[in-house]
$ cat structure-v3.cif   # mmCIF, C-alpha atoms and all ligand atoms
data_target
#
loop_
_atom_site.label_atom_id
_atom_site.label_comp_id
_atom_site.auth_asym_id
_atom_site.auth_seq_id
_atom_site.Cartn_x
_atom_site.Cartn_y
_atom_site.Cartn_z
CA MET A 1011 125.52 90.24 119.83
CA GLN A 1012 125.21 91.05 116.10
CA ILE A 1013 121.84 90.56 114.44
CA LYS A 1014 121.94 90.85 110.63
CA ASN A 1015 119.79 88.03 109.30
CA VAL A 1016 116.26 87.53 110.50
CA GLY A 1017 114.19 84.38 109.97
CA VAL A 1018 110.40 84.79 110.22
CA ILE A 1019 108.18 81.72 110.42
CA GLY A 1020 104.65 82.19 109.11
CA CYS A 1021 103.63 84.86 106.60
CA GLY A 1022 100.06 85.43 107.79
CA LEU A 1023 98.69 88.59 109.40
CA MET A 1024 101.56 88.90 111.89
CA GLY A 1025 104.51 87.21 110.15
CA SER A 1026 104.11 89.33 107.02
CA GLY A 1027 104.05 92.51 109.13
CA ILE A 1028 107.07 91.44 111.19
CA ALA A 1029 109.02 90.57 108.01
CA GLN A 1030 108.09 93.95 106.54
CA VAL A 1031 109.25 96.02 109.52
CA ALA A 1032 112.49 94.02 109.84
CA ALA A 1033 113.33 94.51 106.13
CA THR A 1034 112.38 98.21 106.41
CA ALA A 1035 114.84 98.52 109.32
CA GLY A 1036 117.65 97.17 107.07
CA PHE A 1037 117.76 93.50 108.12
CA HIS A 1038 117.97 90.65 105.62
CA VAL A 1039 114.82 88.63 106.14
CA THR A 1040 113.85 85.12 105.09
CA VAL A 1041 110.20 84.15 105.64
CA LEU A 1042 109.14 80.51 105.90
CA GLU A 1043 105.60 79.42 104.99
CA ALA A 1044 103.87 76.08 104.81
CA GLU A 1045 102.61 76.71 101.27
CA GLN A 1046 103.64 78.98 98.38
CA ALA A 1047 100.07 80.36 98.08
CA PHE A 1048 100.22 81.72 101.68
CA LEU A 1049 103.63 83.21 100.98
CA ASP A 1050 102.29 84.96 97.88
CA LYS A 1051 99.30 86.31 99.82
CA GLY A 1052 101.59 87.63 102.60
CA PHE A 1053 103.94 89.29 100.11
CA ARG A 1054 101.01 90.98 98.33
CA GLY A 1055 100.05 92.52 101.69
CA ILE A 1056 103.62 93.70 102.28
CA GLU A 1057 103.75 95.31 98.83
CA ARG A 1058 100.43 97.10 99.43
CA SER A 1059 101.58 98.37 102.81
CA LEU A 1060 104.97 99.58 101.52
CA ALA A 1061 103.22 101.34 98.62
CA LYS A 1062 101.04 103.25 101.15
CA PHE A 1063 104.09 104.30 103.17
CA ALA A 1064 105.93 105.36 99.98
CA GLU A 1065 102.94 107.43 98.92
CA LYS A 1066 102.96 109.20 102.31
CA GLY A 1067 106.76 109.55 102.33
CA THR A 1068 107.07 107.74 105.67
CA ILE A 1069 109.79 105.39 104.39
CA THR A 1070 113.14 106.68 103.22
CA GLU A 1071 113.90 103.89 100.71
CA LYS A 1072 111.96 102.78 97.65
CA PRO A 1073 109.68 99.77 98.26
CA GLU A 1074 111.72 97.70 95.77
CA THR A 1075 114.92 98.36 97.77
CA ILE A 1076 113.20 97.10 100.93
CA LEU A 1077 111.65 94.14 99.08
CA ALA A 1078 115.11 93.16 97.79
CA ARG A 1079 116.06 92.35 101.42
CA LEU A 1080 113.06 90.01 101.76
CA LYS A 1081 113.03 86.42 100.61
CA GLY A 1082 110.18 83.93 100.89
CA THR A 1083 110.68 80.17 101.10
CA THR A 1084 108.89 76.92 101.88
CA SER A 1085 112.17 75.17 102.82
CA ILE A 1086 113.35 75.44 106.43
CA ASP A 1087 117.00 74.97 105.34
CA ASP A 1088 116.93 78.47 103.81
CA LEU A 1089 116.67 79.90 107.35
CA ALA A 1090 119.92 78.32 108.56
CA GLY A 1091 121.90 81.59 108.49
CA SER A 1092 119.42 83.51 110.70
CA ASP A 1093 120.73 85.27 113.82
CA ILE A 1094 117.21 85.55 115.23
CA PHE A 1095 114.09 83.52 114.44
CA ILE A 1096 110.67 85.06 115.02
CA GLU A 1097 107.91 82.46 114.97
CA ALA A 1098 104.38 83.61 114.05
CA ILE A 1099 102.49 80.44 113.16
CA VAL A 1100 99.12 79.24 114.48
CA GLU A 1101 98.44 79.68 118.25
CA ASN A 1102 98.76 75.98 119.03
CA VAL A 1103 101.31 74.31 121.31
CA PRO A 1104 101.90 71.04 119.36
CA GLU A 1105 102.33 72.97 116.07
CA LYS A 1106 104.74 75.44 117.64
CA HIS A 1107 106.68 72.63 119.38
CA LYS A 1108 107.09 70.78 116.08
CA MET A 1109 108.40 73.98 114.51
CA TYR A 1110 110.94 74.66 117.30
CA ILE A 1111 112.30 71.11 117.16
CA ALA A 1112 112.77 71.50 113.38
CA LEU A 1113 114.37 74.95 113.78
CA ASP A 1114 116.80 73.63 116.39
CA GLY A 1115 117.99 71.20 113.73
CA VAL A 1116 119.01 73.96 111.29
CA ALA A 1117 119.77 77.02 113.48
CA LYS A 1118 123.23 78.26 114.45
CA LYS A 1119 124.19 77.46 118.04
CA ASP A 1120 124.02 81.09 119.17
CA ALA A 1121 120.86 82.08 117.27
CA ILE A 1122 118.01 83.56 119.31
CA PHE A 1123 114.53 82.02 119.16
CA ALA A 1124 111.60 84.41 119.64
CA THR A 1125 107.92 83.61 119.69
CA ASN A 1126 105.14 86.03 118.78
CA THR A 1127 102.61 83.99 120.77
CA SER A 1128 99.66 85.95 122.19
CA SER A 1129 98.99 83.71 125.17
CA ILE A 1130 101.00 80.48 125.28
CA SER A 1131 103.65 80.14 127.98
CA VAL A 1132 107.00 81.12 126.44
CA THR A 1133 108.61 78.70 128.92
CA GLU A 1134 106.44 75.84 127.61
CA LEU A 1135 107.53 76.60 124.05
CA MET A 1136 111.18 76.94 125.07
CA ALA A 1137 111.14 73.57 126.87
CA VAL A 1138 111.47 71.50 123.66
CA THR A 1139 114.56 73.38 122.44
CA ARG A 1140 118.25 73.04 123.21
CA ARG A 1141 118.59 76.79 123.94
CA PRO A 1142 116.52 77.79 127.01
CA GLU A 1143 118.76 80.81 127.77
CA ARG A 1144 118.42 82.06 124.17
CA PHE A 1145 114.60 81.88 123.99
CA ILE A 1146 112.32 84.91 124.44
CA GLY A 1147 108.89 86.27 123.56
CA LEU A 1148 108.64 89.17 121.10
CA HIS A 1149 104.96 90.04 121.01
CA PHE A 1150 104.06 92.40 118.17
CA PHE A 1151 100.64 94.02 117.62
CA ASN A 1152 98.31 93.99 114.66
CA PRO A 1153 98.77 95.74 112.23
CA VAL A 1154 102.52 95.39 112.83
CA PRO A 1155 103.61 98.16 110.42
CA LEU A 1156 101.50 100.70 112.36
CA MET A 1157 101.43 99.56 115.98
CA LYS A 1158 104.39 100.83 117.98
CA LEU A 1159 104.42 98.32 120.83
CA VAL A 1160 106.45 95.15 121.27
CA GLU A 1161 106.22 93.18 124.52
CA VAL A 1162 109.60 91.61 125.24
CA VAL A 1163 109.02 88.55 127.39
CA ARG A 1164 111.63 86.81 129.52
CA THR A 1165 111.35 83.41 131.10
CA ILE A 1166 113.22 82.39 134.24
CA ALA A 1167 115.82 80.79 131.94
CA THR A 1168 116.39 83.71 129.52
CA SER A 1169 119.90 85.19 129.78
CA GLU A 1170 120.27 88.90 130.54
CA GLU A 1171 122.37 89.32 127.37
CA VAL A 1172 119.67 87.80 125.13
CA PHE A 1173 116.90 89.79 126.80
CA GLU A 1174 118.73 93.09 126.30
CA ALA A 1175 119.64 92.11 122.71
CA ALA A 1176 115.92 91.54 122.06
CA VAL A 1177 115.02 94.92 123.56
CA ALA A 1178 117.67 96.59 121.34
CA PHE A 1179 116.40 94.67 118.30
CA ALA A 1180 112.80 95.85 118.90
CA THR A 1181 114.10 99.43 119.19
CA LYS A 1182 115.94 99.06 115.86
CA LEU A 1183 112.59 98.11 114.30
CA GLU A 1184 111.39 101.54 115.52
CA LYS A 1185 109.08 99.92 118.03
CA VAL A 1186 108.69 100.77 121.69
CA PRO A 1187 109.62 97.72 123.78
CA VAL A 1188 108.04 97.01 127.15
CA ARG A 1189 109.56 94.38 129.42
CA THR A 1190 107.32 91.69 130.84
CA THR A 1191 107.49 88.31 132.51
CA ASP A 1192 106.10 85.04 131.17
CA SER A 1193 102.50 85.18 132.36
CA SER A 1194 99.77 84.13 129.90
CA GLY A 1195 98.68 87.10 127.78
CA PHE A 1196 101.54 89.23 129.14
CA ILE A 1197 100.34 92.83 129.75
CA VAL A 1198 98.07 93.72 126.83
CA ASN A 1199 96.09 90.51 126.34
CA ARG A 1200 95.66 90.09 130.11
CA LEU A 1201 93.59 93.29 129.94
CA LEU A 1202 92.29 93.24 126.36
CA VAL A 1203 90.99 89.66 126.06
CA PRO A 1204 88.44 89.84 128.94
CA TYR A 1205 87.18 93.15 127.49
CA LEU A 1206 86.65 91.62 124.03
CA LEU A 1207 84.94 88.53 125.48
CA ASP A 1208 82.73 90.73 127.68
CA ALA A 1209 81.57 92.57 124.56
CA ILE A 1210 80.38 89.24 123.10
CA ARG A 1211 78.67 88.33 126.38
CA ALA A 1212 77.00 91.77 126.50
CA TYR A 1213 75.67 91.16 122.99
CA GLU A 1214 74.49 87.63 123.94
CA GLU A 1215 72.63 89.15 126.90
CA GLY A 1216 70.90 91.73 124.69
CA VAL A 1217 72.65 94.82 126.10
CA GLY A 1218 72.95 96.35 122.63
CA SER A 1219 73.39 95.57 118.95
CA ILE A 1220 76.81 94.80 117.47
CA GLU A 1221 76.95 98.19 115.78
CA ASP A 1222 75.80 100.04 118.92
CA ILE A 1223 78.33 98.29 121.17
CA ASP A 1224 81.08 99.11 118.63
CA ASN A 1225 79.99 102.74 118.37
CA ALA A 1226 79.64 103.06 122.14
CA MET A 1227 83.26 102.07 122.75
CA LYS A 1228 84.58 104.11 119.81
CA LEU A 1229 82.68 107.29 120.53
CA GLY A 1230 82.38 106.94 124.29
CA CYS A 1231 85.92 105.90 125.06
CA GLY A 1232 87.88 107.08 122.02
CA TYR A 1233 88.98 103.57 121.02
CA PRO A 1234 90.08 103.41 117.37
CA MET A 1235 87.90 100.34 116.74
CA GLY A 1236 84.90 98.94 118.58
CA PRO A 1237 85.33 95.44 120.14
CA PHE A 1238 83.56 93.52 117.33
CA THR A 1239 85.54 95.28 114.60
CA LEU A 1240 88.70 94.49 116.56
CA LEU A 1241 87.72 90.84 117.11
CA ASP A 1242 87.23 90.44 113.34
CA PHE A 1243 90.52 92.25 112.74
CA VAL A 1244 92.55 90.01 115.09
CA GLY A 1245 90.88 86.84 113.71
CA LEU A 1246 88.16 84.94 115.58
CA ASP A 1247 90.12 81.68 115.22
CA THR A 1248 93.15 83.26 116.91
CA CYS A 1249 90.93 84.79 119.64
CA TYR A 1250 89.32 81.41 120.25
CA TYR A 1251 92.73 79.69 120.61
CA ILE A 1252 93.84 82.47 122.97
CA THR A 1253 90.78 82.00 125.22
CA HIS A 1254 91.59 78.31 125.60
CA VAL A 1255 95.16 78.97 126.64
CA MET A 1256 94.25 81.80 129.04
CA PHE A 1257 91.31 79.94 130.60
CA GLU A 1258 93.51 76.88 131.10
CA GLU A 1259 96.12 79.10 132.78
CA PHE A 1260 93.88 81.14 135.11
CA LYS A 1261 90.69 79.03 135.37
CA GLU A 1262 88.70 82.27 135.49
CA LYS A 1263 85.37 82.78 133.74
CA ARG A 1264 86.47 86.11 132.28
CA PHE A 1265 88.85 84.20 129.96
CA ALA A 1266 86.30 81.56 128.89
CA ALA A 1267 85.09 81.54 125.26
CA PRO A 1268 81.45 82.69 124.95
CA PRO A 1269 79.27 80.15 123.08
CA LEU A 1270 78.73 82.56 120.16
CA LEU A 1271 82.48 82.82 119.54
CA LYS A 1272 82.74 79.03 119.47
CA ARG A 1273 79.83 78.72 117.02
CA MET A 1274 81.32 81.29 114.68
CA VAL A 1275 84.72 79.60 114.64
CA MET A 1276 83.11 76.19 114.07
CA ALA A 1277 81.25 77.71 111.09
CA GLY A 1278 84.55 79.01 109.64
CA TRP A 1279 83.69 82.67 110.29
CA TYR A 1280 87.16 83.90 111.24
CA GLY A 1281 86.55 87.62 110.63
CA ARG A 1282 88.19 89.78 107.98
CA LYS A 1283 90.58 87.08 106.82
CA THR A 1284 87.71 84.80 105.67
CA GLY A 1285 85.42 87.65 104.62
CA LYS A 1286 82.91 87.02 107.44
CA GLY A 1287 82.82 87.41 111.20
CA PHE A 1288 80.67 89.75 113.27
CA TYR A 1289 80.63 91.77 110.06
CA ASP A 1290 80.33 90.63 106.45
CA TYR A 1291 83.14 91.99 104.28
CA ALA A 1292 81.65 91.18 100.85
CA ASP A 1293 82.34 94.86 100.19
CA PRO A 1294 85.47 95.41 102.35
CA ALA A 1295 85.00 99.18 102.23
CA LYS A 1296 81.47 98.89 103.66
CA PRO A 1297 81.19 96.01 106.13
CA VAL A 1298 77.66 95.20 107.33
CA VAL A 1299 76.68 93.21 110.43
CA SER A 1300 76.48 89.50 109.55
CA LYS A 1301 73.02 87.93 109.38
CA ASN A 1302 71.78 85.25 111.82
CA LEU A 1303 74.00 86.15 114.78
N1 LIG B 1 100.28 99.49 106.25
C1 LIG B 1 100.36 100.79 105.89
N2 LIG B 1 99.36 101.67 106.08
C2 LIG B 1 98.23 101.19 106.63
C3 LIG B 1 98.07 99.85 107.02
C4 LIG B 1 99.16 98.99 106.82
N3 LIG B 1 99.12 97.69 107.17
N4 LIG B 1 96.81 99.69 107.54
C5 LIG B 1 96.20 100.89 107.48
N5 LIG B 1 97.06 101.79 106.93
C6 LIG B 1 96.79 103.22 106.69
C7 LIG B 1 95.51 103.44 105.91
O1 LIG B 1 95.73 103.35 104.53
C8 LIG B 1 95.11 104.83 106.33
O2 LIG B 1 95.83 105.77 105.57
P1 LIG B 1 95.15 107.18 105.16
O3 LIG B 1 95.01 107.90 106.47
O4 LIG B 1 96.14 107.77 104.26
O5 LIG B 1 93.85 106.82 104.52
C9 LIG B 1 95.61 104.92 107.78
O6 LIG B 1 96.58 103.85 107.95
C10 LIG B 1 94.51 104.74 108.77
O7 LIG B 1 93.79 103.57 108.43
P2 LIG B 1 92.22 103.48 108.27
O8 LIG B 1 91.67 104.78 107.80
O9 LIG B 1 91.93 102.25 107.50
O10 LIG B 1 91.68 103.17 109.71
P3 LIG B 1 92.00 103.75 111.13
O11 LIG B 1 92.14 105.22 111.17
O12 LIG B 1 90.99 103.10 112.02
O13 LIG B 1 93.44 103.14 111.53
C11 LIG B 1 94.30 101.27 112.72
C12 LIG B 1 93.71 101.79 111.42
C13 LIG B 1 95.68 101.89 112.97
C14 LIG B 1 94.43 99.77 112.56
C15 LIG B 1 93.37 101.65 113.93
O14 LIG B 1 92.03 101.34 113.62
C16 LIG B 1 93.74 100.96 115.20
O15 LIG B 1 94.68 101.34 115.89
N6 LIG B 1 92.95 99.90 115.56
C17 LIG B 1 93.19 99.13 116.78
C18 LIG B 1 94.22 98.07 116.50
C19 LIG B 1 94.54 97.27 117.73
O16 LIG B 1 93.97 97.42 118.80
N7 LIG B 1 95.51 96.36 117.58
C20 LIG B 1 95.89 95.43 118.61
C21 LIG B 1 95.19 94.12 118.37
S1 LIG B 1 95.53 92.96 119.64
C22 LIG B 1 96.98 92.31 119.21
O17 LIG B 1 97.56 92.59 118.19
C23 LIG B 1 97.58 91.33 120.17
C24 LIG B 1 97.15 89.91 120.09
O18 LIG B 1 97.94 89.09 120.55
C25 LIG B 1 95.83 89.50 119.56
P1 LIG B 2 97.53 83.72 110.64
O1 LIG B 2 96.59 82.58 110.61
O2 LIG B 2 97.18 84.98 109.91
O3 LIG B 2 98.96 83.26 110.10
C1 LIG B 2 99.63 82.10 110.50
C2 LIG B 2 100.46 81.64 109.31
O4 LIG B 2 101.36 80.60 109.73
C3 LIG B 2 99.59 81.05 108.18
O5 LIG B 2 99.83 81.75 106.98
C4 LIG B 2 100.04 79.59 108.10
O6 LIG B 2 100.08 79.10 106.77
C5 LIG B 2 101.45 79.68 108.66
N1 LIG B 2 101.91 78.39 109.18
C6 LIG B 2 101.20 77.52 109.94
N2 LIG B 2 101.97 76.42 110.19
C7 LIG B 2 103.17 76.65 109.59
C8 LIG B 2 104.36 75.90 109.49
N3 LIG B 2 104.46 74.70 110.06
N4 LIG B 2 105.40 76.41 108.79
C9 LIG B 2 105.30 77.63 108.21
N5 LIG B 2 104.19 78.40 108.26
C10 LIG B 2 103.14 77.91 108.95
O7 LIG B 2 97.80 84.01 112.18
P2 LIG B 2 98.37 85.36 112.84
O8 LIG B 2 97.23 86.20 113.23
O9 LIG B 2 99.47 85.89 112.00
O10 LIG B 2 98.96 84.76 114.20
C11 LIG B 2 100.25 84.14 114.25
C12 LIG B 2 100.74 84.16 115.68
O11 LIG B 2 100.82 85.53 116.15
C13 LIG B 2 99.87 83.43 116.69
O12 LIG B 2 100.69 82.85 117.67
C14 LIG B 2 99.00 84.55 117.27
O13 LIG B 2 98.51 84.25 118.55
C15 LIG B 2 100.03 85.67 117.32
N6 LIG B 2 99.46 87.04 117.32
C16 LIG B 2 98.35 87.34 116.57
C17 LIG B 2 97.85 88.64 116.58
C18 LIG B 2 96.64 89.04 115.78
O14 LIG B 2 96.10 90.13 116.00
N7 LIG B 2 96.18 88.23 114.83
C19 LIG B 2 98.52 89.64 117.31
C20 LIG B 2 99.69 89.31 118.03
C21 LIG B 2 100.14 87.99 118.05
#

$ encode --input "structure-v3.cif" --output "structure tokens"
Amino acid sequence: MQIKNVGVIGCGLMGSGIAQVAATAGFHVTVLEAEQAFLDKGFRGIERSLAKFAEKGTITEKPETILARLKGTTSIDDLAGSDIFIEAIVENVPEKHKMYIALDGVAKKDAIFATNTSSISVTELMAVTRRPERFIGLHFFNPVPLMKLVEVVRTIATSEEVFEAAVAFATKLEKVPVRTTDSSGFIVNRLLVPYLLDAIRAYEEGVGSIEDIDNAMKLGCGYPMGPFTLLDFVGLDTCYYITHVMFEEFKEKRFAAPPLLKRMVMAGWYGRKTGKGFYDYADPAKPVVSKNL
């Protein structure tokens, strides 16, 4: 199975990173966005990231050579030649279903569909398409250009050939694939999400301040980021959507959204991407804990 052309849907935090690593690995990549402004923002991030890698000498080609393999579009028809589609739009079943129905209308018969969902059942997403055996999960981690892991998720309908092609594709992106079945949150979020939600509950119960809980987990456990820094980094909106899907799946309290998370999302505090979450990023180099939490 030859993969040359990659279609990425969504150019936000994850889609922009996925497009970048695919172009860096030599694939021709077309990225679809809902609006030109989001595409421009995503491409600015890619350019910044490639410039850092060029400065450090960790990429062998010039950024402009890699960028020449990347094309942005707001028209789904431009993705028709893709051999694999990687969808990274909002964590919402109706939105993703709409997208897959539209993609089925333009995609080649043998193209592979992959979702970067964090928590939604891959089988549920696959169900609206005409290609159950060619549908998989490819779950990348944030920030995609730096994080080595990709969870490759198979459903009971995924063909062996497609699953192995997806594992080989992830390897070509210089990622380390792990194989997993279609259970909400797969491996990482099954373990990570309750930990992040417990940090919020610990704060709500007065166990420690936001900064102290972050420092405790960084300095006490060697984690690269404390839980609140990581929640802001992932996006509180995305975390909130994930809790709904995982709670619905398992009906366990450890996956339920703490009230503070809900309030922050309702107030539009999505973390780094909106400039405010558990921390205020007015000066991005020196975040301070947000007031009134
Ligand atoms: N592209 C290129 N270089 C980048 C970059 C990017 N996107 N982001 C950061 N860098 C560079 C920085 O410029 C910096 O370079 P220098 O050393 O030359 O200064 C270097 O990487 C390290 O960055 P920082 O100094 O800013 O910060 P750091 O040492 O803390 O490393 C990090 C950053 C790799 C993100 C690290 O903090 C980390 O691993 N954090 C945890 C991330 C994590 O847990 N991700 C998973 C989230 S969950 C998920 O993704 C699944 C889901 O479904 C929600
Ligand atoms: P994001 O909000 O940063 O980006 C989503 C992008 O999709 C936005 O730019 C939006 O304009 C675009 N979009 C929405 N509807 C669209 C449509 N119909 N057509 C084209 N583009 C559309 O979100 P994100 O953090 O990149 O998350 C995307 C997906 O990746 C979600 O399923 C999320 O659960 C998953 N994920 C997120 C993380 C993380 O740490 N943020 C990690 C792994 C997986």

$ residues_near_ligand --input "structure-v3.cif" --ligand "ligand LIG 2 (chain B)" --cutoff "7 Å" --atoms "only C-alpha atoms and all ligand atoms" --output "ChimeraX atom specification"
/A:1019-1025,1042-1045,1048,1098-1101,1105,1109,1126-1129,1149-1152,1243-1245,1248,1252

$ residues_around --input "structure-v3.cif" --residues "stretch 1075-1078 of chain A" --least-positions-apart "2" --cutoff "7 Å" --atoms "all atoms listed in the file" --output "PyMOL selection string"
chain A and resi 1033-1034+1071-1073+1080

$ closest_residue --input "structure-v3.cif" --among "A:Ala1212, A:Leu1060, A:Val1217, A:Leu1183" --to "ligand LIG 1 (chain B)" --atoms "all atoms listed in the file"
A:Leu1060

$ closest_residue --input "structure-v3.cif" --among "A:Gly1195, A:Pro1104, A:Gly1055, A:Pro1204" --to "A:Glu1161" --atoms "all atoms listed in the file"
A:Gly1195

$ closest_residue --input "structure-v3.cif" --among "A:Ile1122, A:Val1275, A:Ala1035, A:Val1103" --to "A:Ser1169" --atoms "only C-alpha atoms"
A:Ile1122

$ axis_aligned_box --input "structure-v3.cif" --around "stretch 1224-1239 of chain A" --padding-each-side "5 Å" --output "JSON"
{"center_x": 84.9, "center_y": 100.4, "center_z": 119.8, "size_x": 20.4, "size_y": 23.8, "size_z": 20.5}

$ closest_residue --input "structure-v3.cif" --among "A:Gly1036, A:Asn1302, A:Phe1265, A:Arg1164" --to "A:Thr1070" --atoms "only C-alpha atoms"
A:Gly1036

$ closest_residue --input "structure-v3.cif" --among "A:Gly1278, A:Gly1082, A:Pro1294, A:Gly1017" --to "ligand LIG 1 (chain B)" --atoms "only C-alpha atoms and all ligand atoms"
A:Pro1294

$ closest_residue --input "structure-v3.cif" --among "A:Leu1049, A:Val1039, A:Leu1156, A:Ala1117" --to "ligand LIG 1 (chain B)" --atoms "all atoms listed in the file"
A:Leu1156

$ atom_distance --input "structure-v3.cif" --atom1 "atom CA of A:Asp1120" --atom2 "atom CA of A:Lys1108"
20.1 Å

$ atom_distance --input "structure-v3.cif" --atom1 "atom CA of A:Ala1167" --atom2 "atom CA of A:Ile1013"
20.9 Å

$ atom_distance --input "structure-v3.cif" --atom1 "atom CA of A:Pro1268" --atom2 "atom CA of A:Leu1241"
12.9 Å

$ residues_around --input "structure-v3.cif" --residues "A:Asp1087" --least-positions-apart "4" --cutoff "10 Å" --atoms "only C-alpha atoms" --output "ChimeraX atom specification"
/A:1042,1083,1091,1112-1113,1115-1117

$ decode --input "structure-v3.cif" --residues "stretch 1195-1215 of chain A" --atoms "N, CA and C atoms" --output "PDB file, in the first residue's frame"
ATOM      1  N   GLY A1195     -10.201   6.665  25.115  1.00  0.00           N
ATOM      2  CA  GLY A1195      -8.977   7.192  25.719  1.00  0.00           C
ATOM      3  C   GLY A1195      -7.745   6.351  25.410  1.00  0.00           C
ATOM      4  N   PHE A1196      -7.977   5.179  24.820  1.00  0.00           N
ATOM      5  CA  PHE A1196      -6.881   4.269  24.441  1.00  0.00           C
ATOM      6  C   PHE A1196      -5.980   4.013  25.664  1.00  0.00           C
ATOM      7  N   ILE A1197      -4.652   4.072  25.502  1.00  0.00           N
ATOM      8  CA  ILE A1197      -3.779   3.790  26.655  1.00  0.00           C
ATOM      9  C   ILE A1197      -3.517   5.076  27.457  1.00  0.00           C
ATOM     10  N   VAL A1198      -3.000   6.091  26.759  1.00  0.00           N
ATOM     11  CA  VAL A1198      -2.498   7.273  27.486  1.00  0.00           C
ATOM     12  C   VAL A1198      -3.618   8.027  28.196  1.00  0.00           C
ATOM     13  N   ASN A1199      -4.693   8.364  27.490  1.00  0.00           N
ATOM     14  CA  ASN A1199      -5.721   9.182  28.137  1.00  0.00           C
ATOM     15  C   ASN A1199      -6.504   8.409  29.197  1.00  0.00           C
ATOM     16  N   ARG A1200      -6.536   7.090  29.072  1.00  0.00           N
ATOM     17  CA  ARG A1200      -7.168   6.261  30.114  1.00  0.00           C
ATOM     18  C   ARG A1200      -6.468   6.516  31.458  1.00  0.00           C
ATOM     19  N   LEU A1201      -5.146   6.732  31.394  1.00  0.00           N
ATOM     20  CA  LEU A1201      -4.373   6.943  32.619  1.00  0.00           C
ATOM     21  C   LEU A1201      -4.185   8.416  32.937  1.00  0.00           C
ATOM     22  N   LEU A1202      -4.014   9.225  31.875  1.00  0.00           N
ATOM     23  CA  LEU A1202      -3.682  10.644  32.076  1.00  0.00           C
ATOM     24  C   LEU A1202      -4.887  11.493  32.501  1.00  0.00           C
ATOM     25  N   VAL A1203      -6.044  11.236  31.891  1.00  0.00           N
ATOM     26  CA  VAL A1203      -7.202  12.109  32.140  1.00  0.00           C
ATOM     27  C   VAL A1203      -7.637  12.077  33.612  1.00  0.00           C
ATOM     28  N   PRO A1204      -7.790  10.894  34.252  1.00  0.00           N
ATOM     29  CA  PRO A1204      -8.157  10.915  35.677  1.00  0.00           C
ATOM     30  C   PRO A1204      -7.133  11.658  36.537  1.00  0.00           C
ATOM     31  N   TYR A1205      -5.853  11.551  36.180  1.00  0.00           N
ATOM     32  CA  TYR A1205      -4.804  12.266  36.929  1.00  0.00           C
ATOM     33  C   TYR A1205      -5.013  13.788  36.823  1.00  0.00           C
ATOM     34  N   LEU A1206      -5.257  14.271  35.595  1.00  0.00           N
ATOM     35  CA  LEU A1206      -5.440  15.716  35.406  1.00  0.00           C
ATOM     36  C   LEU A1206      -6.695  16.201  36.140  1.00  0.00           C
ATOM     37  N   LEU A1207      -7.767  15.409  36.078  1.00  0.00           N
ATOM     38  CA  LEU A1207      -9.015  15.816  36.746  1.00  0.00           C
ATOM     39  C   LEU A1207      -8.851  15.767  38.261  1.00  0.00           C
ATOM     40  N   ASP A1208      -8.073  14.805  38.751  1.00  0.00           N
ATOM     41  CA  ASP A1208      -7.812  14.713  40.190  1.00  0.00           C
ATOM     42  C   ASP A1208      -7.032  15.925  40.688  1.00  0.00           C
ATOM     43  N   ALA A1209      -6.159  16.466  39.838  1.00  0.00           N
ATOM     44  CA  ALA A1209      -5.408  17.666  40.227  1.00  0.00           C
ATOM     45  C   ALA A1209      -6.387  18.823  40.447  1.00  0.00           C
ATOM     46  N   ILE A1210      -7.389  18.945  39.566  1.00  0.00           N
ATOM     47  CA  ILE A1210      -8.382  20.016  39.728  1.00  0.00           C
ATOM     48  C   ILE A1210      -9.183  19.780  41.012  1.00  0.00           C
ATOM     49  N   ARG A1211      -9.571  18.533  41.242  1.00  0.00           N
ATOM     50  CA  ARG A1211     -10.350  18.227  42.457  1.00  0.00           C
ATOM     51  C   ARG A1211      -9.519  18.499  43.716  1.00  0.00           C
ATOM     52  N   ALA A1212      -8.216  18.176  43.642  1.00  0.00           N
ATOM     53  CA  ALA A1212      -7.346  18.433  44.808  1.00  0.00           C
ATOM     54  C   ALA A1212      -7.305  19.935  45.089  1.00  0.00           C
ATOM     55  N   TYR A1213      -7.217  20.722  44.012  1.00  0.00           N
ATOM     56  CA  TYR A1213      -7.204  22.179  44.186  1.00  0.00           C
ATOM     57  C   TYR A1213      -8.549  22.656  44.766  1.00  0.00           C
ATOM     58  N   GLU A1214      -9.661  22.118  44.223  1.00  0.00           N
ATOM     59  CA  GLU A1214     -10.992  22.509  44.720  1.00  0.00           C
ATOM     60  C   GLU A1214     -11.138  22.182  46.210  1.00  0.00           C
ATOM     61  N   GLU A1215     -10.478  21.105  46.640  1.00  0.00           N
ATOM     62  CA  GLU A1215     -10.587  20.689  48.049  1.00  0.00           C
ATOM     63  C   GLU A1215      -9.548  21.358  48.939  1.00  0.00           C
TER      64      GLU A1215
END
